[in-house]
Amino acid sequence: MSTREKMNIGELYTDMGEGLPQERRDGKERVYDYNLTRPSEEEKRQRMLKDIMGSLGENGWVEPPLRVAYGTHIHIGNNFYANFNLTVVDDATVTIGDNVMFAPNVTLATAGHPIDPEIRITGEQFSLPIVIEDNVWLGMGVMVNPGVTIGRNSVIGAGSVVTKSIPADVVAAGVPCRVIRPITAADRETFMK
Ligand SMILES: CC(=O)SCCNC(=O)CCNC(=O)[C@H](O)C(C)(C)COP(=O)(O)OP(=O)(O)OC[C@H]1O[C@@H](n2cnc3c(N)ncnc32)[C@H](O)[C@@H]1OP(=O)(O)O
């Protein structure tokens with residue numbers, strides 16, 4: 001099995017072969033340039049973002065600064081907005097749907113290191129994909145662990161550490177993140193009186 005295959009299924013691997021160091025360096029070079037753009041260079045940033053991400057739909061907007069491990073392993077749908085300081089450790093694939101919104105200081109990390117110290121010091125790591133489904137909003141400072149899926153329409157409260165997958169259509173928050181309540185018609189009525 002190739003390292004690239006192992007990177008998406010939680011098997012141990014080292015990331016020093018198969019062109020991975022160069023891919024990481026290229027990604028970081030692109031992000032370095034992105035983060036040096038002036039606020040007024042909106043169109044330039046749109047073009048640069050398409051080069052940074054593995055794929056990006058229409059109307060993607062990411063406030064600098066942005067940090068990525070590769071960038072190329074991130075796939076984003078239409079109408080994506082991320083506020084300042086988005087960090088994505090995209091060793092495994094990160095898939096973000098349509099109409100997703102991130103507040104400042106969101107971190108998505110697909111990579112982990114073994115708990116056992118003897119295995120950990122060998123430098124081997126594991127990674128699992130992260131999926132953020134359509135219409136999700138992550139509040140400020142949310143951290144998403146490897147292997148997590150956040151279901152369609154759900155809202156994750158500020159400061160949450162999401163260690164397990166969250167279903168669709170709920171508000172969830174806390175450390176560790178737990179479902180607080182479903183999203184209901186009452187949430188619409190609050191603003192549609
Ligand atoms: C692009 C951008 O997004 S920029 C804007 C950045 N803004 C943010 O990040 C704001 C994020 N908003 C939140 O975290 C909000 O608290 C929301 C959306 C989760 C609130 O949802 P609501 O359903 O209105 O929750 P409400 O305020 O009624 O609280 C319900 C319960 O959850 C708790 N709760 C709410 N938010 C959190 C949180 N982030 N962490 C832990 N507990 C929380 C409340 O304390 C309350 O508990 P209680 O019933 O024991 O009193």
# chains A, B, ... in the order shown; residues from 1 in each chain; ligands from 1
>>> residues_around(residues="Thr14 in chain A", least_positions_apart="6", cutoff="12 Å", atoms="only C-alpha atoms", output="PyMOL selection string")
chain A and resi 2-4+6-7+20-21+91+111-113+119-127
>>> write_last_selection(atoms="N, CA, C and O atoms", output="mmCIF file, in the first residue's frame")
data_model
loop_
_atom_site.group_PDB
_atom_site.id
_atom_site.type_symbol
_atom_site.label_atom_id
_atom_site.label_comp_id
_atom_site.auth_asym_id
_atom_site.auth_seq_id
_atom_site.Cartn_x
_atom_site.Cartn_y
_atom_site.Cartn_z
ATOM 1 N N SER A 2 0.527 2.238 -0.794
ATOM 2 C CA SER A 2 1.350 3.449 -0.865
ATOM 3 C C SER A 2 1.139 4.310 0.386
ATOM 4 O O SER A 2 0.121 4.184 1.079
ATOM 5 N N THR A 3 2.107 5.188 0.648
ATOM 6 C CA THR A 3 1.957 6.120 1.776
ATOM 7 C C THR A 3 0.704 6.967 1.597
ATOM 8 O O THR A 3 -0.041 7.204 2.540
ATOM 9 N N ARG A 4 0.464 7.412 0.372
ATOM 10 C CA ARG A 4 -0.698 8.272 0.131
ATOM 11 C C ARG A 4 -2.010 7.562 0.451
ATOM 12 O O ARG A 4 -2.969 8.192 0.919
ATOM 13 N N LYS A 6 -2.216 5.107 2.748
ATOM 14 C CA LYS A 6 -2.233 4.977 4.216
ATOM 15 C C LYS A 6 -2.675 6.274 4.887
ATOM 16 O O LYS A 6 -3.290 6.270 5.954
ATOM 17 N N MET A 7 -2.354 7.418 4.261
ATOM 18 C CA MET A 7 -2.663 8.730 4.850
ATOM 19 C C MET A 7 -4.144 8.979 5.024
ATOM 20 O O MET A 7 -4.534 9.913 5.727
ATOM 21 N N LEU A 20 6.031 13.956 -0.904
ATOM 22 C CA LEU A 20 5.234 14.692 0.089
ATOM 23 C C LEU A 20 5.956 15.922 0.637
ATOM 24 O O LEU A 20 5.331 16.987 0.772
ATOM 25 N N PRO A 21 7.276 15.845 0.968
ATOM 26 C CA PRO A 21 7.941 17.063 1.467
ATOM 27 C C PRO A 21 7.867 18.219 0.459
ATOM 28 O O PRO A 21 7.612 19.365 0.839
ATOM 29 N N ASP A 91 -3.192 16.504 6.116
ATOM 30 C CA ASP A 91 -2.429 15.309 5.706
ATOM 31 C C ASP A 91 -3.389 14.329 5.023
ATOM 32 O O ASP A 91 -3.115 13.839 3.929
ATOM 33 N N ALA A 111 -4.336 14.943 11.251
ATOM 34 C CA ALA A 111 -3.186 14.119 11.660
ATOM 35 C C ALA A 111 -3.173 13.847 13.155
ATOM 36 O O ALA A 111 -3.608 14.666 13.956
ATOM 37 N N GLY A 112 -2.662 12.673 13.506
ATOM 38 C CA GLY A 112 -2.462 12.323 14.907
ATOM 39 C C GLY A 112 -1.158 11.576 15.068
ATOM 40 O O GLY A 112 -0.563 11.121 14.072
ATOM 41 N N HIS A 113 -0.716 11.472 16.315
ATOM 42 C CA HIS A 113 0.516 10.751 16.628
ATOM 43 C C HIS A 113 0.200 9.680 17.667
ATOM 44 O O HIS A 113 -0.671 9.891 18.514
ATOM 45 N N ILE A 119 6.378 4.068 19.990
ATOM 46 C CA ILE A 119 5.958 4.163 18.580
ATOM 47 C C ILE A 119 6.042 5.622 18.128
ATOM 48 O O ILE A 119 6.496 5.927 17.025
ATOM 49 N N ARG A 120 5.628 6.543 19.022
ATOM 50 C CA ARG A 120 5.588 7.967 18.638
ATOM 51 C C ARG A 120 6.961 8.495 18.243
ATOM 52 O O ARG A 120 7.097 9.236 17.270
ATOM 53 N N ILE A 121 8.013 8.067 18.996
ATOM 54 C CA ILE A 121 9.344 8.631 18.704
ATOM 55 C C ILE A 121 9.958 8.068 17.429
ATOM 56 O O ILE A 121 10.981 8.570 16.963
ATOM 57 N N THR A 122 9.316 7.056 16.817
ATOM 58 C CA THR A 122 9.810 6.594 15.510
ATOM 59 C C THR A 122 9.499 7.619 14.421
ATOM 60 O O THR A 122 10.051 7.555 13.328
ATOM 61 N N GLY A 123 8.587 8.563 14.728
ATOM 62 C CA GLY A 123 8.218 9.576 13.723
ATOM 63 C C GLY A 123 7.031 9.158 12.877
ATOM 64 O O GLY A 123 6.555 9.934 12.039
ATOM 65 N N GLU A 124 6.515 7.941 13.113
ATOM 66 C CA GLU A 124 5.335 7.529 12.340
ATOM 67 C C GLU A 124 4.094 8.252 12.875
ATOM 68 O O GLU A 124 3.973 8.507 14.073
ATOM 69 N N GLN A 125 3.196 8.568 11.979
ATOM 70 C CA GLN A 125 1.950 9.240 12.346
ATOM 71 C C GLN A 125 0.795 8.557 11.635
ATOM 72 O O GLN A 125 0.999 7.660 10.826
ATOM 73 N N PHE A 126 -0.433 8.988 11.959
ATOM 74 C CA PHE A 126 -1.608 8.492 11.234
ATOM 75 C C PHE A 126 -2.502 9.687 10.926
ATOM 76 O O PHE A 126 -2.394 10.739 11.572
ATOM 77 N N SER A 127 -3.372 9.525 9.947
ATOM 78 C CA SER A 127 -4.304 10.610 9.599
ATOM 79 C C SER A 127 -5.645 10.014 9.218
ATOM 80 O O SER A 127 -5.700 8.910 8.686
#
>>> closest_atom_pairs(of="chain A", to="ligand 1", cutoff="10 Å", atoms="only C-alpha atoms and all ligand atoms", output="JSON lines")
{"residue": "A:Glu63", "atom": "CA", "partner": "ligand 1", "partner_atom_place_in_ligand_line": "1 (C)", "distance": 9.9}
{"residue": "A:Tyr81", "atom": "CA", "partner": "ligand 1", "partner_atom_place_in_ligand_line": "1 (C)", "distance": 6.9}
{"residue": "A:Ala82", "atom": "CA", "partner": "ligand 1", "partner_atom_place_in_ligand_line": "1 (C)", "distance": 6.2}
{"residue": "A:Asn83", "atom": "CA", "partner": "ligand 1", "partner_atom_place_in_ligand_line": "1 (C)", "distance": 5.3}
{"residue": "A:Phe84", "atom": "CA", "partner": "ligand 1", "partner_atom_place_in_ligand_line": "1 (C)", "distance": 8.7}
{"residue": "A:Val100", "atom": "CA", "partner": "ligand 1", "partner_atom_place_in_ligand_line": "1 (C)", "distance": 9.5}
{"residue": "A:Met101", "atom": "CA", "partner": "ligand 1", "partner_atom_place_in_ligand_line": "1 (C)", "distance": 5.8}
{"residue": "A:Phe102", "atom": "CA", "partner": "ligand 1", "partner_atom_place_in_ligand_line": "1 (C)", "distance": 5.0}
{"residue": "A:Ala103", "atom": "CA", "partner": "ligand 1", "partner_atom_place_in_ligand_line": "2 (C)", "distance": 3.4}
{"residue": "A:Pro104", "atom": "CA", "partner": "ligand 1", "partner_atom_place_in_ligand_line": "4 (S)", "distance": 6.1}
{"residue": "A:Asn105", "atom": "CA", "partner": "ligand 1", "partner_atom_place_in_ligand_line": "9 (O)", "distance": 9.3}
{"residue": "A:Val106", "atom": "CA", "partner": "ligand 1", "partner_atom_place_in_ligand_line": "9 (O)", "distance": 9.5}
{"residue": "A:Trp137", "atom": "CA", "partner": "ligand 1", "partner_atom_place_in_ligand_line": "3 (O)", "distance": 6.8}
{"residue": "A:Leu138", "atom": "CA", "partner": "ligand 1", "partner_atom_place_in_ligand_line": "3 (O)", "distance": 6.7}
{"residue": "A:Gly139", "atom": "CA", "partner": "ligand 1", "partner_atom_place_in_ligand_line": "9 (O)", "distance": 3.2}
{"residue": "A:Met140", "atom": "CA", "partner": "ligand 1", "partner_atom_place_in_ligand_line": "9 (O)", "distance": 3.7}
{"residue": "A:Gly141", "atom": "CA", "partner": "ligand 1", "partner_atom_place_in_ligand_line": "9 (O)", "distance": 7.3}
{"residue": "A:Val142", "atom": "CA", "partner": "ligand 1", "partner_atom_place_in_ligand_line": "9 (O)", "distance": 8.3}
{"residue": "A:Ser154", "atom": "CA", "partner": "ligand 1", "partner_atom_place_in_ligand_line": "18 (C)", "distance": 9.8}
{"residue": "A:Val155", "atom": "CA", "partner": "ligand 1", "partner_atom_place_in_ligand_line": "18 (C)", "distance": 6.3}
{"residue": "A:Ile156", "atom": "CA", "partner": "ligand 1", "partner_atom_place_in_ligand_line": "19 (C)", "distance": 5.9}
{"residue": "A:Gly157", "atom": "CA", "partner": "ligand 1", "partner_atom_place_in_ligand_line": "14 (O)", "distance": 3.2}
{"residue": "A:Ala158", "atom": "CA", "partner": "ligand 1", "partner_atom_place_in_ligand_line": "39 (N)", "distance": 3.8}
{"residue": "A:Gly159", "atom": "CA", "partner": "ligand 1", "partner_atom_place_in_ligand_line": "39 (N)", "distance": 5.5}
{"residue": "A:Ser160", "atom": "CA", "partner": "ligand 1", "partner_atom_place_in_ligand_line": "40 (N)", "distance": 6.0}
{"residue": "A:Val161", "atom": "CA", "partner": "ligand 1", "partner_atom_place_in_ligand_line": "40 (N)", "distance": 9.5}
{"residue": "A:Val170", "atom": "CA", "partner": "ligand 1", "partner_atom_place_in_ligand_line": "23 (O)", "distance": 9.2}
{"residue": "A:Val171", "atom": "CA", "partner": "ligand 1", "partner_atom_place_in_ligand_line": "19 (C)", "distance": 6.1}
{"residue": "A:Ala172", "atom": "CA", "partner": "ligand 1", "partner_atom_place_in_ligand_line": "19 (C)", "distance": 6.6}
{"residue": "A:Ala173", "atom": "CA", "partner": "ligand 1", "partner_atom_place_in_ligand_line": "40 (N)", "distance": 4.6}
{"residue": "A:Gly174", "atom": "CA", "partner": "ligand 1", "partner_atom_place_in_ligand_line": "41 (C)", "distance": 4.2}
{"residue": "A:Val175", "atom": "CA", "partner": "ligand 1", "partner_atom_place_in_ligand_line": "41 (C)", "distance": 7.5}
{"residue": "A:Pro176", "atom": "CA", "partner": "ligand 1", "partner_atom_place_in_ligand_line": "41 (C)", "distance": 9.4}
{"residue": "A:Cys177", "atom": "CA", "partner": "ligand 1", "partner_atom_place_in_ligand_line": "41 (C)", "distance": 8.0}
{"residue": "A:Arg178", "atom": "CA", "partner": "ligand 1", "partner_atom_place_in_ligand_line": "41 (C)", "distance": 8.9}
{"residue": "A:Val179", "atom": "CA", "partner": "ligand 1", "partner_atom_place_in_ligand_line": "32 (O)", "distance": 9.2}
{"residue": "A:Ile180", "atom": "CA", "partner": "ligand 1", "partner_atom_place_in_ligand_line": "32 (O)", "distance": 6.1}
{"residue": "A:Arg181", "atom": "CA", "partner": "ligand 1", "partner_atom_place_in_ligand_line": "23 (O)", "distance": 7.3}
{"residue": "A:Pro182", "atom": "CA", "partner": "ligand 1", "partner_atom_place_in_ligand_line": "23 (O)", "distance": 8.8}
{"residue": "A:Ile183", "atom": "CA", "partner": "ligand 1", "partner_atom_place_in_ligand_line": "23 (O)", "distance": 8.1}
{"residue": "A:Asp187", "atom": "CA", "partner": "ligand 1", "partner_atom_place_in_ligand_line": "23 (O)", "distance": 8.2}
>>> residues_around(residues="Ile130 in chain A", least_positions_apart="2", cutoff="9 Å", atoms="only C-alpha atoms", output="list of chain:residue names")
A:Asp90, A:Ala92, A:Thr93, A:Val94, A:Thr95, A:Ile96, A:Leu108, A:Ala109, A:Thr110, A:Leu128, A:Ile132, A:Val144, A:Asn145, A:Pro146, A:Gly147, A:Val148, A:Thr149, A:Ile150
>>> select_by_dssp(residues="range 88-123 of chain A", states="strand (DSSP E)", output="number ranges by chain")
A: 88-89, 94-96, 101-102, 107-109, 111-112
>>> write_last_selection(atoms="N, CA and C atoms", output="PDB file, in the first residue's frame")
ATOM      1  N   VAL A  88      -5.498  24.453   8.638  1.00  0.00           N
ATOM      2  CA  VAL A  88      -5.940  23.133   8.184  1.00  0.00           C
ATOM      3  C   VAL A  88      -4.720  22.223   8.049  1.00  0.00           C
ATOM      4  N   VAL A  89      -4.679  21.200   8.892  1.00  0.00           N
ATOM      5  CA  VAL A  89      -3.611  20.199   8.817  1.00  0.00           C
ATOM      6  C   VAL A  89      -4.169  19.076   7.942  1.00  0.00           C
ATOM      7  N   VAL A  94      -9.512  16.742   3.460  1.00  0.00           N
ATOM      8  CA  VAL A  94     -10.519  17.562   4.144  1.00  0.00           C
ATOM      9  C   VAL A  94     -11.555  17.954   3.098  1.00  0.00           C
ATOM     10  N   THR A  95     -12.811  17.588   3.339  1.00  0.00           N
ATOM     11  CA  THR A  95     -13.887  17.871   2.388  1.00  0.00           C
ATOM     12  C   THR A  95     -14.884  18.815   3.038  1.00  0.00           C
ATOM     13  N   ILE A  96     -15.093  19.952   2.406  1.00  0.00           N
ATOM     14  CA  ILE A  96     -15.993  20.988   2.940  1.00  0.00           C
ATOM     15  C   ILE A  96     -17.073  21.225   1.890  1.00  0.00           C
ATOM     16  N   MET A 101     -19.463  28.128   6.700  1.00  0.00           N
ATOM     17  CA  MET A 101     -18.919  29.365   7.253  1.00  0.00           C
ATOM     18  C   MET A 101     -18.082  29.043   8.499  1.00  0.00           C
ATOM     19  N   PHE A 102     -16.873  29.593   8.543  1.00  0.00           N
ATOM     20  CA  PHE A 102     -15.992  29.414   9.706  1.00  0.00           C
ATOM     21  C   PHE A 102     -15.729  30.782  10.337  1.00  0.00           C
ATOM     22  N   THR A 107      -9.526  25.498  13.640  1.00  0.00           N
ATOM     23  CA  THR A 107      -8.458  24.544  13.299  1.00  0.00           C
ATOM     24  C   THR A 107      -9.070  23.193  12.949  1.00  0.00           C
ATOM     25  N   LEU A 108      -8.716  22.679  11.779  1.00  0.00           N
ATOM     26  CA  LEU A 108      -9.086  21.319  11.391  1.00  0.00           C
ATOM     27  C   LEU A 108      -7.785  20.532  11.287  1.00  0.00           C
ATOM     28  N   ALA A 109      -7.661  19.431  12.031  1.00  0.00           N
ATOM     29  CA  ALA A 109      -6.409  18.651  11.989  1.00  0.00           C
ATOM     30  C   ALA A 109      -6.739  17.191  11.697  1.00  0.00           C
ATOM     31  N   ALA A 111      -4.336  14.943  11.251  1.00  0.00           N
ATOM     32  CA  ALA A 111      -3.186  14.119  11.660  1.00  0.00           C
ATOM     33  C   ALA A 111      -3.173  13.847  13.155  1.00  0.00           C
ATOM     34  N   GLY A 112      -2.662  12.673  13.506  1.00  0.00           N
ATOM     35  CA  GLY A 112      -2.462  12.323  14.907  1.00  0.00           C
ATOM     36  C   GLY A 112      -1.158  11.576  15.068  1.00  0.00           C
TER      37      GLY A 112
END
>>> atom_distance(atom1="CA of Glu18 in chain A", atom2="CA of His75 in chain A")
20.9 Å
>>> residues_around(residues="Ile52 in chain A", least_positions_apart="3", cutoff="7 Å", atoms="only C-alpha atoms", output="MDAnalysis selection string")
chainID A and resid 27 30:31 48:49 71:72
>>> write_last_selection(atoms="all heavy atoms", output="PDB file, in the first residue's frame")
ATOM      1  N   GLY A  27       2.985  24.031  -1.181  1.00  0.00           N
ATOM      2  CA  GLY A  27       1.746  24.563  -0.605  1.00  0.00           C
ATOM      3  C   GLY A  27       2.022  25.738   0.308  1.00  0.00           C
ATOM      4  O   GLY A  27       1.326  26.761   0.267  1.00  0.00           O
ATOM      5  N   ARG A  30       2.830  28.908  -1.572  1.00  0.00           N
ATOM      6  CA  ARG A  30       1.629  29.574  -2.113  1.00  0.00           C
ATOM      7  C   ARG A  30       0.892  30.335  -1.011  1.00  0.00           C
ATOM      8  O   ARG A  30       0.431  31.461  -1.214  1.00  0.00           O
ATOM      9  CB  ARG A  30       0.699  28.535  -2.765  1.00  0.00           C
ATOM     10  CG  ARG A  30       1.230  27.988  -4.085  1.00  0.00           C
ATOM     11  CD  ARG A  30       0.188  27.152  -4.817  1.00  0.00           C
ATOM     12  NE  ARG A  30       0.003  25.843  -4.221  1.00  0.00           N
ATOM     13  CZ  ARG A  30       0.656  24.737  -4.598  1.00  0.00           C
ATOM     14  NH1 ARG A  30       1.527  24.780  -5.580  1.00  0.00           N
ATOM     15  NH2 ARG A  30       0.416  23.589  -4.006  1.00  0.00           N
ATOM     16  N   VAL A  31       0.807  29.702   0.166  1.00  0.00           N
ATOM     17  CA  VAL A  31       0.100  30.356   1.270  1.00  0.00           C
ATOM     18  C   VAL A  31       0.888  31.560   1.789  1.00  0.00           C
ATOM     19  O   VAL A  31       0.300  32.568   2.188  1.00  0.00           O
ATOM     20  CB  VAL A  31      -0.182  29.323   2.387  1.00  0.00           C
ATOM     21  CG1 VAL A  31      -0.647  30.014   3.660  1.00  0.00           C
ATOM     22  CG2 VAL A  31      -1.245  28.335   1.922  1.00  0.00           C
ATOM     23  N   MET A  48      -5.518  33.050  -6.296  1.00  0.00           N
ATOM     24  CA  MET A  48      -4.505  32.324  -5.518  1.00  0.00           C
ATOM     25  C   MET A  48      -5.132  31.180  -4.723  1.00  0.00           C
ATOM     26  O   MET A  48      -4.550  30.106  -4.576  1.00  0.00           O
ATOM     27  CB  MET A  48      -3.780  33.287  -4.571  1.00  0.00           C
ATOM     28  CG  MET A  48      -2.973  34.339  -5.287  1.00  0.00           C
ATOM     29  SD  MET A  48      -2.329  35.554  -4.131  1.00  0.00           S
ATOM     30  CE  MET A  48      -0.710  34.879  -3.846  1.00  0.00           C
ATOM     31  N   LEU A  49      -6.339  31.433  -4.227  1.00  0.00           N
ATOM     32  CA  LEU A  49      -7.017  30.417  -3.414  1.00  0.00           C
ATOM     33  C   LEU A  49      -7.301  29.154  -4.230  1.00  0.00           C
ATOM     34  O   LEU A  49      -7.207  28.036  -3.733  1.00  0.00           O
ATOM     35  CB  LEU A  49      -8.315  31.011  -2.873  1.00  0.00           C
ATOM     36  CG  LEU A  49      -8.850  30.503  -1.545  1.00  0.00           C
ATOM     37  CD1 LEU A  49      -7.801  30.477  -0.451  1.00  0.00           C
ATOM     38  CD2 LEU A  49     -10.049  31.350  -1.118  1.00  0.00           C
ATOM     39  N   GLY A  71      -2.588  22.001   1.568  1.00  0.00           N
ATOM     40  CA  GLY A  71      -3.554  22.766   0.760  1.00  0.00           C
ATOM     41  C   GLY A  71      -4.190  21.900  -0.304  1.00  0.00           C
ATOM     42  O   GLY A  71      -5.404  21.916  -0.485  1.00  0.00           O
ATOM     43  N   THR A  72      -3.366  21.111  -0.967  1.00  0.00           N
ATOM     44  CA  THR A  72      -3.829  20.285  -2.095  1.00  0.00           C
ATOM     45  C   THR A  72      -4.783  19.172  -1.666  1.00  0.00           C
ATOM     46  O   THR A  72      -5.428  18.562  -2.507  1.00  0.00           O
ATOM     47  CB  THR A  72      -2.609  19.662  -2.790  1.00  0.00           C
ATOM     48  OG1 THR A  72      -1.670  19.245  -1.785  1.00  0.00           O
ATOM     49  CG2 THR A  72      -1.935  20.672  -3.702  1.00  0.00           C
TER      50      THR A  72
END
>>> atom_distance(atom1="CA of Tyr13 in chain A", atom2="CA of Val68 in chain A")
19.4 Å
